[in-house]
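**Q** Below are the structure tokens for one structure; questions will follow.
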2 protein chains.
Amino acid sequence: MIERIRQKLSVLDDLDSTRIWVIGVSGGPDSLCLLDAMHLAGKRIVAAHLNHCLRSEADQEAEQVRWAVEQYGIPFVLKVVDVSAYAERDSLSIEEAARIVRYRFLFDEAVRFDARAVLVGHTADDQVETVLMHLLRGAGLEGLKGMESCQLPNAWSKEIPLVRPLLSLWRQETVAYCLERGLHPVMDPSNLERTYYRNRLRLELIPVLETYAPNIKEIVIRMAETLRGDQQVLEPVVAAAWQTCLRQAGAGYAAFEKENFQAQQVGIKRRLLRKAMDLQRPGLRDIGFETIERALHFVQKPEPTGQLDLAAGLRLFVEGELIWIAAWEADLPGMGWPQIRNGGEPIRLSLPGTAGLADGWQLHLEEALDLDEGRQKALVNTDPYQVWLDAGHLVSGLVVRGRHPGDRIKPLGMEGHAVKIADLMINEKMPRRARAGWPLVCCGDEVIWVPGYATSHSSRVSQETRRIYHLWLARAGRSAG
Amino acid sequence: MIERIRQKLSVLDDLDSTRIWVIGVSGGPDSLCLLDAMHLAGKRIVAAHLNHCLRSEADQEAEQVRWAVEQYGIPFVLKVVDVSAYAERDSLSIEEAARIVRYRFLFDEAVRFDARAVLVGHTADDQVETVLMHLLRGAGLEGLKGMESCQLPNAWSKEIPLVRPLLSLWRQETVAYCLERGLHPVMDPSNLERTYYRNRLRLELIPVLETYAPNIKEIVIRMAETLRGDQQVLEPVVAAAWQTCLRQAGAGYAAFEKENFQAQQVGIKRRLLRKAMDLQRPGLRDIGFETIERALHFVQKPEPTGQLDLAAGLRLFVEGELIWIAAWEADLPGMGWPQIRNGGEPIRLSLPGTAGLADGWQLHLEEALDLDEGRQKALVNTDPYQVWLDAGHLVSGLVVRGRHPGDRIKPLGMEGHAVKIADLMINEKMPRRARAGWPLVCCGDEVIWVPGYATSHSSRVSQETRRIYHLWLARAGRSAG
């Protein structure tokens with residue numbers, strides 16, 4: 001048994017170095033076996049124990065682990081965290097909270113000791129239970145493939161691997177090892193409590209499954225292994241699709257190009273959505289496929305409108321040619337749209353003059369001194385961001401401001417018919433986020449120009465026009481704000 | 001309910017035609033619902049019923065189905081097969097035998113009627129049971145992804161799809177449909193017998209799983225759907241690898257190029273092995289991943305020797321640069337090796353003369369008339385399939401024959417040291433299959449030349465040589481045999 005375990009540790013040789021290994025030691029047979037075998041192999045170790053404060057025996061157990069570790073002359077790190085309080089605060093299950101607190105602790109210590117890796121004592125039994133838990137909670141390949149024996153990057157670090165050297169060993173074998181080596185594991189009585197989901201699985205469900213397939217545990221292990229192989233094959237395919245589809249990503253958001261995204265196979269789409277969510281919520285484990293299916297269904301609608309609440313404070317929406325996955329609180333990048341500063345307060349335009357808008361945009365006003373030329377330009381203009389207007393209708397001066405409720409315009413070419421600015425924006429598919437701050441050029445209460453979209457019929461240049469204003473919107477380069 | 005089922009049938013519109021649909025009708029609520037809905041939709045149908053002869057009520061049920069079908073004025077086809085006998089003959093479980101016999105019948109009828117598709121009444125419940133059965137028996141993605149609603153090619157046909165229009169409907173919904181439409185399904189009492197694995201699953205295991213995850217059935221359906229998406233992504237990747245790795249395939253065999261195969265990811269290797277097996281045993285369902293793992297382990301050995309018994313009469317072996325997967329009984333193609341005809345009987349060579357070997361190979365003998373030129377050629381020869389020898393040592397004449405037990409040669413350059421021909425062949429890595437029939441040129445009992453591998457030291461051309469024989473092996477093109 002000792003020899004078998006030594007062989008298992010040989011996976012570490014690929015990673016070996018003179019650096020320190022941080023081992024998570026609960027004190028159970030798995031972690032004690034791992035600690036002892038690492039010590040026998042002559043590795044430099046730090047043993048780290050988290051006291052979860054979940055049971056009355058926890059303090060005493062922590063001391064027992066300290067004593068065992070100190071027998072080896074190995075440095076011991078103890079942390080005490082009230083996991084119940086943490087779980088309550090973040091609305092997590094006790095098990096999930098314990099997991100998060102524990103790994104954060106182990107990786108913090110690994111950083112502190114400049115460790116080569118974090119080692120934990122998961123066995124094949126843990127693997128079986130993990131896979132079955134994923135299955136029962138609803139999972140695809142990512143869940144069914146189970147844990148990896150060496151995981152990098154992981155949810156806790158991009159540089160420090162999470163290593164599980166005992167993953168192909170049954171729990172019973174670690175118990176046998178402890179017996180053989182005269183080690184005294186802490187026997188956690190909560191392992192027998194069926195209120196914990198994982199324990200019910202181990203103590204009740206697996207024995208039932210064994211009546212259908214006596215070797216169900218081996219079957220699940222093999223299944224997970226096979227699926228890990230499939231996952232490896234998929235990874236580069238998904239990475240390539242990610243490159244093809246991603247337009248931009250930043251703190252709290254990612255945006256795909258709709259057309260490229262839609263051209264992908266459905267299996268790829270699911271994975272792109274999941275990856276975009278993972279990116280913003282690393283380590284989050286409750287992205288069920290129900291969430292992914294809702295997202296998929298949403299983006300596959302012919303014209304997805306509104307925002308879809310995904311999970312974990314993330315939302316999905318489609319805007320123009322982009323599919324956005326973003327945190328609700330994220331400050332999304334503008335798309336280079338012209339926008340009014342400061343909530344749309346009116347700015348009076350002087351003649352000639354320039355009004356500074358947000359993000360480097362400027363609105364310019366000039367008089368066209370050559371009337372014929374102005375008339376001609378008004379006629380052939382195809383640039384939606386400039387316009388020539390009849391100044392005779394604009395004697396009370398021009399302001400540029402954001403949208404007011406009830407704003408209307410009688411657009412050129414619509415024979416004096418008034419439309420609500422709000423409806424115009426919707427009909428023209430102006431991105432929702434751009435609407436409130438879109439600059440409107442007004443004369444008194446009347447909206448004269450919606451840059452990019454519409455010009456007022458009454459202000460058009462005609463044969464009767466005697467003075468012409470030339471207005472244009474341009475971007476001077478990014479301003480300070 | 002009627003409207004919902006009509007919608008389900010709309011998947012057929014993509015396939016629709018004026019051709020006939022063959023429906024497998026057991027008489028249960030699923031197939032009766034399907035039959036009725038197809039009839040209402042105005043399709044041209046043939047109803048096909050297999051009497052499995054497994055229960056005493058079977059004859060009576062067949063008549064009940066006939067009566068129901070004839071009410072619609074739909075053609076009815078009945079076949080009676082003793083499935084127990086068939087199962088016994090081929091050592092199959094009753095369930096597996098019934099499945100094979102039933103589908104073979106349905107597809108035979110489909111061919112006979114030039115049908116557009118074969119339709120069966122599988123529901124979402126069948127899907128859940130199928131996926132769980134695969135899981136318990138050990139499966140990868142192929143099993144866990146469950147049944148497809150439209151499967152083509154399938155194990156029974158490359159042209160006629162197998163369609164399951166009710167696959168997203170629960171069994172209870174088909175029962176409700178039958179009630180609503182006043183249909184009287186056959187109630188198969190064996191559905192309640194727990195001796196059948198599938199029934200135990202339905203009646204016992206699923207209710208247990210529901211205590212862990214109340215919506216386990218929906219979860220399994222979603223999981224299967226997600227995995228089908230992944231499978232679709234993998235398919236083109238595997239197809240490309242197949243193209244890269246496959247050297248040849250024929251009736252009963254496929255051969256991969258070892259180097260290309262070894263360069264693939266492990267997930268791809270597994271799938272290539274499975275695909276090669278599928279190709280030779282279409283419809284075979286017992287290629288468990290245990291078989292694939294054994295195969296993978298075998299080919300990953302540094303020097304795999306011998307043959308590995310896979311499953312279903314298939315074997316795996318590595319020969320030179322090729323990995324073979326072949327039926328034990330398959331007549332494998334030669335690799336263009338020179339081989340003796342007719343089991344290696346000796347052929348006497350005349351001077352000058354030619355001996356015909358197998359597959360177009362010929363052994364030629366001539367005397368080199370220009371002694372100096374012969375000596376020179378002997379010296380610079382680099383072609384392993386020709387040789388110049390001292391005729392003075394070959395006065396008793398030459399024969400070409402296959403290997404005899406105990407054959408030895410004292411090869412040129414080994415200072416008169418004798419090696420067994422058998423060892424020489426092994427050391428030189430001559431393909432195993434080529435060894436027995438490899439042509440040996442002999443003088444009396446002495447092996448003089450092993451074309452491609454060794455020449456006898458004693459027959460070498462030297463300064464004392466007074467007459468020179470020139471021997472060469474060449475392929476004239478494929479002969480009749």
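Identifiers in the structure tokens: chain A, B, ... in order shown; residue index from 1 per chain; ligand index from 1 in order shown.
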Write out as an mmCIF file with C-alpha atoms, in the first residue's frame which residues come within 10 Å of region 266-276 of chain A when counting only C-alpha atoms, dropping same-chain ones fewer than 4 positions away.
**A**
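Saved the output as result_26.cif:
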```cif
data_model
loop_
_atom_site.group_PDB
_atom_site.id
_atom_site.type_symbol
_atom_site.label_atom_id
_atom_site.label_comp_id
_atom_site.auth_asym_id
_atom_site.auth_seq_id
_atom_site.Cartn_x
_atom_site.Cartn_y
_atom_site.Cartn_z
ATOM 1 C CA GLU A 142 -18.192 20.074 -17.396
ATOM 2 C CA LEU A 234 -13.683 20.302 -27.327
ATOM 3 C CA GLU A 235 -11.508 22.899 -25.640
ATOM 4 C CA VAL A 237 -12.638 24.023 -30.805
ATOM 5 C CA VAL A 238 -14.369 26.287 -28.296
ATOM 6 C CA ALA A 239 -11.295 28.494 -27.955
ATOM 7 C CA ALA A 241 -14.980 29.859 -31.730
ATOM 8 C CA TRP A 242 -14.396 32.260 -28.845
ATOM 9 C CA CYS A 245 -17.164 35.456 -31.932
ATOM 10 C CA LEU A 246 -15.845 37.711 -29.188
ATOM 11 C CA ALA A 249 -14.609 41.773 -23.030
ATOM 12 C CA GLY A 252 -17.993 42.599 -15.863
ATOM 13 C CA TYR A 253 -18.921 42.217 -19.510
ATOM 14 C CA ALA A 254 -18.310 40.326 -22.728
ATOM 15 C CA ALA A 255 -19.876 40.918 -26.121
ATOM 16 C CA PHE A 256 -20.171 38.474 -29.012
ATOM 17 C CA PHE A 261 -22.308 33.572 -32.780
ATOM 18 C CA GLN A 262 -25.444 32.472 -34.582
ATOM 19 C CA GLN A 280 -17.185 37.230 -14.906
ATOM 20 C CA ARG A 281 -18.016 34.891 -12.065
ATOM 21 C CA PRO A 282 -15.011 32.578 -11.754
ATOM 22 C CA ILE A 287 -24.552 27.986 -13.650
ATOM 23 C CA GLY A 288 -26.959 25.145 -14.273
ATOM 24 C CA PHE A 289 -27.830 24.221 -17.804
ATOM 25 C CA THR A 291 -29.631 29.017 -17.206
ATOM 26 C CA ILE A 292 -27.713 28.241 -20.370
ATOM 27 C CA GLU A 293 -30.840 26.958 -22.110
ATOM 28 C CA ALA A 295 -29.867 32.192 -22.597
ATOM 29 C CA LEU A 296 -29.722 30.117 -25.753
ATOM 30 C CA VAL A 299 -30.539 34.838 -28.287
ATOM 31 C CA LEU A 316 -27.954 39.009 -21.276
ATOM 32 C CA ILE A 323 -24.807 39.916 -27.807
ATOM 33 C CA TRP A 324 -23.876 41.179 -24.344
ATOM 34 C CA ILE A 325 -23.346 39.172 -21.200
ATOM 35 C CA ALA A 326 -22.760 41.569 -18.370
ATOM 36 C CA GLU B 225 -29.777 17.203 -25.058
ATOM 37 C CA THR B 226 -26.680 19.117 -23.993
ATOM 38 C CA LEU B 227 -24.481 16.107 -24.660
ATOM 39 C CA ARG B 228 -26.014 15.639 -28.119
ATOM 40 C CA GLY B 229 -24.896 19.196 -28.823
ATOM 41 C CA ASP B 230 -21.359 18.332 -27.703
ATOM 42 C CA GLN B 231 -21.417 15.181 -29.775
ATOM 43 C CA GLN B 232 -22.313 17.250 -32.850
ATOM 44 C CA VAL B 233 -19.324 19.478 -32.217
ATOM 45 C CA LEU B 234 -17.038 16.479 -31.860
#
```
**Q** So that I can check the surroundings of Gly334 (chain A), please list as a list in words every protein, DNA and RNA residue that reaches within 9 Å of it, counting only C-alpha atoms and ignoring chain neighbours fewer than 6 positions away.
**A** Asp359, Arg433 and Ala434 of chain A
**Q** Which of these, A:Lys79, A:Lys217, A:Arg116, A:Arg467, has the shortest distance to chain B once you count only C-alpha atoms?
**A** A:Lys217
**Q** DSSP on the backbone, then: every residue of region 138-218 of chain A marked strand (DSSP E), written as a ChimeraX atom specification.
**A** /A:150-151,162-163
**Q** Mind writing the picked residues with N, CA, C and O atoms as a PDB file, in the first residue's frame?
**A**
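Below you can see result.pdb, which holds the result:
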```
ATOM      1  N   CYS A 150      -4.871  17.231 -11.815  1.00  0.00           N
ATOM      2  CA  CYS A 150      -4.048  18.443 -11.741  1.00  0.00           C
ATOM      3  C   CYS A 150      -4.766  19.542 -12.505  1.00  0.00           C
ATOM      4  O   CYS A 150      -4.944  19.445 -13.719  1.00  0.00           O
ATOM      5  N   GLN A 151      -5.196  20.549 -11.776  1.00  0.00           N
ATOM      6  CA  GLN A 151      -6.082  21.551 -12.363  1.00  0.00           C
ATOM      7  C   GLN A 151      -5.409  22.921 -12.380  1.00  0.00           C
ATOM      8  O   GLN A 151      -5.115  23.489 -11.338  1.00  0.00           O
ATOM      9  N   LEU A 162      -4.001  23.129  -8.537  1.00  0.00           N
ATOM     10  CA  LEU A 162      -4.678  22.366  -7.493  1.00  0.00           C
ATOM     11  C   LEU A 162      -4.491  20.893  -7.858  1.00  0.00           C
ATOM     12  O   LEU A 162      -4.946  20.459  -8.916  1.00  0.00           O
ATOM     13  N   VAL A 163      -3.783  20.157  -7.001  1.00  0.00           N
ATOM     14  CA  VAL A 163      -3.393  18.782  -7.347  1.00  0.00           C
ATOM     15  C   VAL A 163      -4.068  17.795  -6.400  1.00  0.00           C
ATOM     16  O   VAL A 163      -4.169  18.046  -5.196  1.00  0.00           O
TER      17      VAL A 163
END
```
